[in-house]
Amino acid sequence: MTDAANTRHTRLLIIGSGPAGYTAGVYGSRAMLNPILVQGIQPGGQLTITTDVENWPGDNSVMGPDLMVRMEEHAREMGTEIISDHINSLDLSTRPFTAYGDTGTNYTADAVILATGAQAKWLGLPSEEHFKGFGVSACATCDGFFYRGKEIVVVGGGNTAVEEALFLTNFASKVTLVHRRDSLRAEKIMQDRLFKNPKVEIIWDHEVDEVLGAHEPRGVEAVRLKNVKTGETQDVPCAGFFVAIGHAPATELVKDSLELHNGGYVKVEAGTTRTSIPGVFAAGDLTDHVYRQAVTSAGMGCMAALDAEKFLAEHEEEDETAHAAE
Ligand code: FAD
Ligand code: NAP
């Protein structure tokens with residue numbers, strides 16, 4: 001049930017403010033759809049927690065947060081209304097769809113673009129949970145500063161882990177990267193930088209078994225590693241432990257209403273951004289288990305706005321009649 005006083009109607013609602021959301025805003029605005037974009041609790045998305053982005057076409061190197069500020073400005077300049085709110089539930093059972101914001105505002109929309117991206121994965125260890133915020137982190141750019149002159153352990157073998165490890169060498173006396181296999185999946189150029197860095201040690205074929213530390217005051221002192229081949233354990237001293245094992249799609253709003261696949265990603269019709277509900281489109285990391293890049297997310301944001309524009313044009317008469325009757 002929507003409360004009329006707190007309800008905003010829009011033809012196109014965009015949920016999420018990463019590269020997919022802002023690009024959808026640019027294209028949706030240029031299609032004269034006057035979109036509303038709800039930013040969520042991480043305005044700018046995942047790139048706001050990194051430093052140099054070296055693969056955004058047109059910029060040899062750009063700081064992630066700066067790029068996202070530019071994207072936000074671009075979407076706003078084009079005509080997107082950008083709102084600081086977080087959607088806590090989404091009713092896709094009837095059109096217009098309704099999104100419920102934490103601020104108390106309900107957003108009704110003739111079409112919705114979901115661009116809620118992805119969130120950091122955790123190992124799932126009780127000790128990791130216990131020390132979260134007390135030495136355990138998933139964001140080097142946010143928390144690296146606290147470990148000046150100290151030893152740090154990073155777990156993971158993808159681009160994020162390598163980037164985080166390299167970034168942390170700016171603060172730490174030593175960074176140990178722990179990976180469960182004997183080769184990294186990070187890009188070769190990143191691997192080269194890592195291997196050349198004198199502050200970095202790599203421990204291959206090991207998993208993190210437990211985070212060890214003091215309880216009063218709470219703080220990490222070491223991580224216990226287990227050799228995946230022999231089962232032998234060893235404790236590596238550290239003051240900070242960074243988990244960088246990838247990201248999971250943020251599907252909380254739609255896990256019971258939309259078709260998902262590939263381990264929880266929103267399913268779209270091949271070559272489009274159309275989901276299993278007509279009028280609902282998905283773009284970016286939320287729907288992409290393969291590429292997961294800023295540029296591919298932006299590309300899908302463009303596609304979603306164009307798909308939404310076509311859908312709305314096809315349903316214009318029906319929507320006008322429905323709104324006139326309200
Ligand atoms: P995201 O950037 O994940 O943004 C999701 C948005 O959805 C956020 O704004 C969030 O607030 C919002 N949201 C979520 N839930 C809700 C809700 N319920 N209500 C409202 N809003 C909501 N890619 C590159 O190409 N180059 C790089 O150098 C690079 N470096 C990276 C470094 C790190 C540390 C990380 C983590 C990722 C990096 N990536 C990089 C990957 C890149 O950041 C992602 O592919 C890209 O940000 C995905 O964009 P997106 O728009 O799909 O979603
Ligand atoms: P990712 O590519 O999925 O890599 C995750 C890594 O963590 C893998 O090495 C994986 O090991 C390991 N891992 C997963 N679960 C684990 C567990 N439970 N215990 C121990 N290790 C575990 O994730 P990502 O590095 O976050 O990158 C996500 C996407 O963003 C990628 O597409 C990436 O290219 C992109 N990105 C790009 C940049 C850049 O371009 N500079 C920077 C960051 C991210 P296995 O290898 O054994 O599977």
# chains A, B, ... in the order shown; residues from 1 in each chain; ligands from 1

$ select_by_dssp --residues "stretch 227-294 of chain A" --states "strand (DSSP E or B)" --output "VMD selection string"
chain A and resid 227 233 to 237 240 to 243 247 to 249 260 to 261 265 to 266 274 280 to 282

$ residues_around --residues "stretch 203-218 of chain A" --least-positions-apart "6" --cutoff "12 Å" --atoms "only C-alpha atoms" --output "number ranges by chain"
A: 122-137, 153-157, 175-184, 224-243, 245

$ residues_near_ligand --ligand "ligand 1" --cutoff "7 Å" --atoms "only C-alpha atoms and all ligand atoms" --output "PyMOL selection string"
chain A and resi 15-21+38-47+49-50+52-56+85-88+115-119+139+160+164+250+253+283-286+292-295+297-298

$ closest_residue --among "A:Ala248, A:Ile82, A:Met71, A:Ala304" --to "A:Leu114" --atoms "only C-alpha atoms"
A:Ala304

$ atom_distance --atom1 "atom CA of A:Arg8" --atom2 "atom CA of A:Gly79"
16.4 Å

$ closest_residue --among "A:Ala282, A:Val26, A:Ala99, A:Val290" --to "A:Asn262" --atoms "only C-alpha atoms"
A:Val290

$ residues_around --residues "A:Leu90" --least-positions-apart "6" --cutoff "10 Å" --atoms "only C-alpha atoms" --output "PyMOL selection string"
chain A and resi 97-101+106-108+252-254+257

$ write_last_selection --atoms "N, CA, C and O atoms" --output "short mmCIF file (atom, residue, chain, number, x, y, z; two decimals), in the first residue's frame"
data_model
loop_
_atom_site.label_atom_id
_atom_site.label_comp_id
_atom_site.auth_asym_id
_atom_site.auth_seq_id
_atom_site.Cartn_x
_atom_site.Cartn_y
_atom_site.Cartn_z
N PHE A 97 5.41 -0.22 -10.77
CA PHE A 97 6.14 -0.90 -9.70
C PHE A 97 6.33 0.07 -8.53
O PHE A 97 6.31 1.29 -8.73
N THR A 98 6.51 -0.48 -7.32
CA THR A 98 6.72 0.40 -6.16
C THR A 98 8.00 0.04 -5.42
O THR A 98 8.22 -1.14 -5.09
N ALA A 99 8.81 1.08 -5.18
CA ALA A 99 10.03 0.89 -4.40
C ALA A 99 9.87 1.69 -3.11
O ALA A 99 9.41 2.84 -3.13
N TYR A 100 10.22 1.07 -1.99
CA TYR A 100 10.05 1.69 -0.68
C TYR A 100 11.41 2.17 -0.16
O TYR A 100 12.34 1.36 0.00
N GLY A 101 11.51 3.47 0.09
CA GLY A 101 12.78 4.03 0.53
C GLY A 101 12.87 4.12 2.04
O GLY A 101 11.86 4.29 2.72
N ASN A 106 7.95 6.58 -1.04
CA ASN A 106 7.67 5.44 -1.93
C ASN A 106 7.80 5.95 -3.36
O ASN A 106 7.30 7.02 -3.68
N TYR A 107 8.46 5.17 -4.18
CA TYR A 107 8.66 5.57 -5.57
C TYR A 107 7.85 4.62 -6.45
O TYR A 107 8.06 3.40 -6.39
N THR A 108 6.91 5.18 -7.22
CA THR A 108 6.21 4.33 -8.18
C THR A 108 6.81 4.62 -9.56
O THR A 108 7.16 5.77 -9.85
N GLU A 252 19.30 -8.68 -3.00
CA GLU A 252 18.37 -8.76 -1.86
C GLU A 252 16.95 -8.32 -2.25
O GLU A 252 15.97 -8.96 -1.88
N LEU A 253 16.85 -7.25 -3.03
CA LEU A 253 15.53 -6.68 -3.37
C LEU A 253 14.72 -7.58 -4.29
O LEU A 253 13.49 -7.48 -4.33
N VAL A 254 15.38 -8.43 -5.05
CA VAL A 254 14.67 -9.14 -6.13
C VAL A 254 14.85 -10.65 -6.11
O VAL A 254 14.40 -11.34 -7.01
N SER A 257 11.60 -12.36 -6.57
CA SER A 257 10.68 -11.94 -7.63
C SER A 257 11.24 -12.11 -9.04
O SER A 257 10.49 -12.29 -9.99
#

$ closest_residue --among "A:Thr94, A:Asn197, A:Ser84, A:Thr51" --to "ligand 2" --atoms "only C-alpha atoms and all ligand atoms"
A:Thr51

$ closest_atom_pairs --of "stretch 4-79 of chain A" --to "stretch 312-320 of chain A" --cutoff "10 Å" --atoms "only C-alpha atoms" --output "Markdown table"
| residue | atom | partner | partner_atom | distance |
| --- | --- | --- | --- | --- |
| A:Arg11 | CA | A:Leu312 | CA | 7.9 |
| A:Leu12 | CA | A:Leu312 | CA | 8.7 |
| A:Leu33 | CA | A:Leu312 | CA | 9.1 |

$ write_last_selection --atoms "C-alpha atoms" --output "compact mmCIF listing (two decimals), in the first residue's frame"
# COMPACT_ATOMS: atom_id res chain seq x y z
CA ARG A 11 8.40 6.97 -15.67
CA LEU A 12 11.84 5.50 -15.03
CA LEU A 33 12.23 10.20 -19.44

$ select_by_dssp --residues "stretch 18-47 of chain A" --states "helix (DSSP H, G or I)" --output "PyMOL selection string"
chain A and resi 19-30+45-47

$ residues_around --residues "A:Ala172" --least-positions-apart "2" --cutoff "9 Å" --atoms "only C-alpha atoms" --output "mmCIF file with all heavy atoms, in the first residue's frame"
data_model
loop_
_atom_site.group_PDB
_atom_site.id
_atom_site.type_symbol
_atom_site.label_atom_id
_atom_site.label_comp_id
_atom_site.auth_asym_id
_atom_site.auth_seq_id
_atom_site.Cartn_x
_atom_site.Cartn_y
_atom_site.Cartn_z
ATOM 1 N N GLY A 144 43.418 1.178 5.209
ATOM 2 C CA GLY A 144 44.868 0.945 5.121
ATOM 3 C C GLY A 144 45.676 1.864 6.017
ATOM 4 O O GLY A 144 46.669 1.453 6.635
ATOM 5 N N PHE A 145 45.237 3.092 6.134
ATOM 6 C CA PHE A 145 45.947 4.122 6.882
ATOM 7 C C PHE A 145 46.212 3.707 8.336
ATOM 8 O O PHE A 145 47.201 4.114 8.939
ATOM 9 C CB PHE A 145 45.096 5.402 6.842
ATOM 10 C CG PHE A 145 45.731 6.565 7.495
ATOM 11 C CD1 PHE A 145 46.742 7.264 6.853
ATOM 12 C CD2 PHE A 145 45.335 6.970 8.762
ATOM 13 C CE1 PHE A 145 47.342 8.354 7.471
ATOM 14 C CE2 PHE A 145 45.926 8.049 9.375
ATOM 15 C CZ PHE A 145 46.931 8.744 8.732
ATOM 16 N N TYR A 147 47.240 1.084 9.467
ATOM 17 C CA TYR A 147 48.272 0.049 9.652
ATOM 18 C C TYR A 147 49.657 0.540 9.236
ATOM 19 O O TYR A 147 50.472 -0.229 8.746
ATOM 20 C CB TYR A 147 47.857 -1.234 8.895
ATOM 21 C CG TYR A 147 46.518 -1.709 9.382
ATOM 22 C CD1 TYR A 147 45.361 -1.426 8.672
ATOM 23 C CD2 TYR A 147 46.401 -2.358 10.603
ATOM 24 C CE1 TYR A 147 44.117 -1.799 9.155
ATOM 25 C CE2 TYR A 147 45.165 -2.737 11.101
ATOM 26 C CZ TYR A 147 44.026 -2.460 10.371
ATOM 27 O OH TYR A 147 42.801 -2.823 10.860
ATOM 28 N N ARG A 148 49.906 1.807 9.465
ATOM 29 C CA ARG A 148 51.227 2.367 9.163
ATOM 30 C C ARG A 148 52.301 1.637 9.934
ATOM 31 O O ARG A 148 52.203 1.500 11.153
ATOM 32 C CB ARG A 148 51.260 3.839 9.579
ATOM 33 C CG ARG A 148 50.554 4.681 8.591
ATOM 34 C CD ARG A 148 50.680 6.120 8.878
ATOM 35 N NE ARG A 148 50.409 6.798 7.624
ATOM 36 C CZ ARG A 148 50.995 7.892 7.238
ATOM 37 N NH1 ARG A 148 51.895 8.455 7.982
ATOM 38 N NH2 ARG A 148 50.689 8.428 6.092
ATOM 39 N N GLY A 149 53.312 1.159 9.187
ATOM 40 C CA GLY A 149 54.460 0.515 9.830
ATOM 41 C C GLY A 149 54.145 -0.862 10.393
ATOM 42 O O GLY A 149 54.975 -1.449 11.090
ATOM 43 N N LYS A 150 52.965 -1.377 10.119
ATOM 44 C CA LYS A 150 52.589 -2.680 10.687
ATOM 45 C C LYS A 150 52.521 -3.758 9.599
ATOM 46 O O LYS A 150 52.556 -3.451 8.407
ATOM 47 C CB LYS A 150 51.231 -2.561 11.378
ATOM 48 C CG LYS A 150 51.286 -1.541 12.504
ATOM 49 C CD LYS A 150 50.084 -1.597 13.381
ATOM 50 C CE LYS A 150 50.331 -0.691 14.587
ATOM 51 N NZ LYS A 150 49.137 -0.060 15.053
ATOM 52 N N GLU A 151 52.390 -5.009 10.045
ATOM 53 C CA GLU A 151 52.310 -6.110 9.083
ATOM 54 C C GLU A 151 50.842 -6.428 8.766
ATOM 55 O O GLU A 151 49.988 -6.388 9.661
ATOM 56 C CB GLU A 151 53.021 -7.351 9.639
ATOM 57 C CG GLU A 151 54.512 -7.096 9.791
ATOM 58 C CD GLU A 151 55.311 -8.351 10.128
ATOM 59 O OE1 GLU A 151 54.792 -9.462 9.946
ATOM 60 O OE2 GLU A 151 56.466 -8.183 10.558
ATOM 61 N N ILE A 152 50.607 -6.734 7.482
ATOM 62 C CA ILE A 152 49.230 -6.959 7.019
ATOM 63 C C ILE A 152 49.171 -8.255 6.228
ATOM 64 O O ILE A 152 50.114 -8.588 5.494
ATOM 65 C CB ILE A 152 48.784 -5.781 6.104
ATOM 66 C CG1 ILE A 152 48.603 -4.512 6.928
ATOM 67 C CG2 ILE A 152 47.509 -6.114 5.343
ATOM 68 C CD1 ILE A 152 48.256 -3.282 6.106
ATOM 69 N N LEU A 168 48.336 -1.378 -0.027
ATOM 70 C CA LEU A 168 48.673 -1.454 1.398
ATOM 71 C C LEU A 168 50.181 -1.343 1.647
ATOM 72 O O LEU A 168 50.595 -0.983 2.743
ATOM 73 C CB LEU A 168 48.115 -2.751 1.993
ATOM 74 C CG LEU A 168 46.584 -2.743 2.152
ATOM 75 C CD1 LEU A 168 46.051 -4.146 2.415
ATOM 76 C CD2 LEU A 168 46.155 -1.798 3.275
ATOM 77 N N THR A 169 51.003 -1.619 0.609
ATOM 78 C CA THR A 169 52.455 -1.454 0.800
ATOM 79 C C THR A 169 52.808 0.013 1.050
ATOM 80 O O THR A 169 53.881 0.320 1.544
ATOM 81 C CB THR A 169 53.271 -1.971 -0.410
ATOM 82 O OG1 THR A 169 52.871 -1.250 -1.575
ATOM 83 C CG2 THR A 169 53.092 -3.469 -0.618
ATOM 84 N N ASN A 170 51.903 0.923 0.711
ATOM 85 C CA ASN A 170 52.147 2.352 0.991
ATOM 86 C C ASN A 170 52.185 2.629 2.493
ATOM 87 O O ASN A 170 52.735 3.633 2.932
ATOM 88 C CB ASN A 170 51.036 3.230 0.398
ATOM 89 C CG ASN A 170 51.068 3.207 -1.107
ATOM 90 O OD1 ASN A 170 52.154 3.199 -1.691
ATOM 91 N ND2 ASN A 170 49.907 3.173 -1.729
ATOM 92 N N LYS A 174 55.135 -4.739 5.894
ATOM 93 C CA LYS A 174 55.165 -5.955 5.078
ATOM 94 C C LYS A 174 53.721 -6.367 4.766
ATOM 95 O O LYS A 174 52.843 -6.244 5.619
ATOM 96 C CB LYS A 174 55.859 -7.083 5.865
ATOM 97 C CG LYS A 174 55.921 -8.389 5.124
ATOM 98 C CD LYS A 174 56.577 -9.475 5.965
ATOM 99 C CE LYS A 174 56.509 -10.801 5.225
ATOM 100 N NZ LYS A 174 56.972 -11.909 6.033
ATOM 101 N N VAL A 175 53.504 -6.848 3.527
ATOM 102 C CA VAL A 175 52.175 -7.344 3.156
ATOM 103 C C VAL A 175 52.332 -8.791 2.690
ATOM 104 O O VAL A 175 53.120 -9.083 1.786
ATOM 105 C CB VAL A 175 51.539 -6.508 2.021
ATOM 106 C CG1 VAL A 175 50.213 -7.120 1.579
ATOM 107 C CG2 VAL A 175 51.329 -5.060 2.459
ATOM 108 N N LYS A 199 58.146 -5.333 -0.609
ATOM 109 C CA LYS A 199 57.427 -5.459 0.678
ATOM 110 C C LYS A 199 56.435 -6.626 0.676
ATOM 111 O O LYS A 199 55.817 -6.904 1.693
ATOM 112 C CB LYS A 199 56.647 -4.172 0.953
ATOM 113 C CG LYS A 199 57.462 -3.040 1.538
ATOM 114 C CD LYS A 199 56.495 -1.976 2.052
ATOM 115 C CE LYS A 199 57.224 -0.801 2.628
ATOM 116 N NZ LYS A 199 56.293 0.271 2.992
#
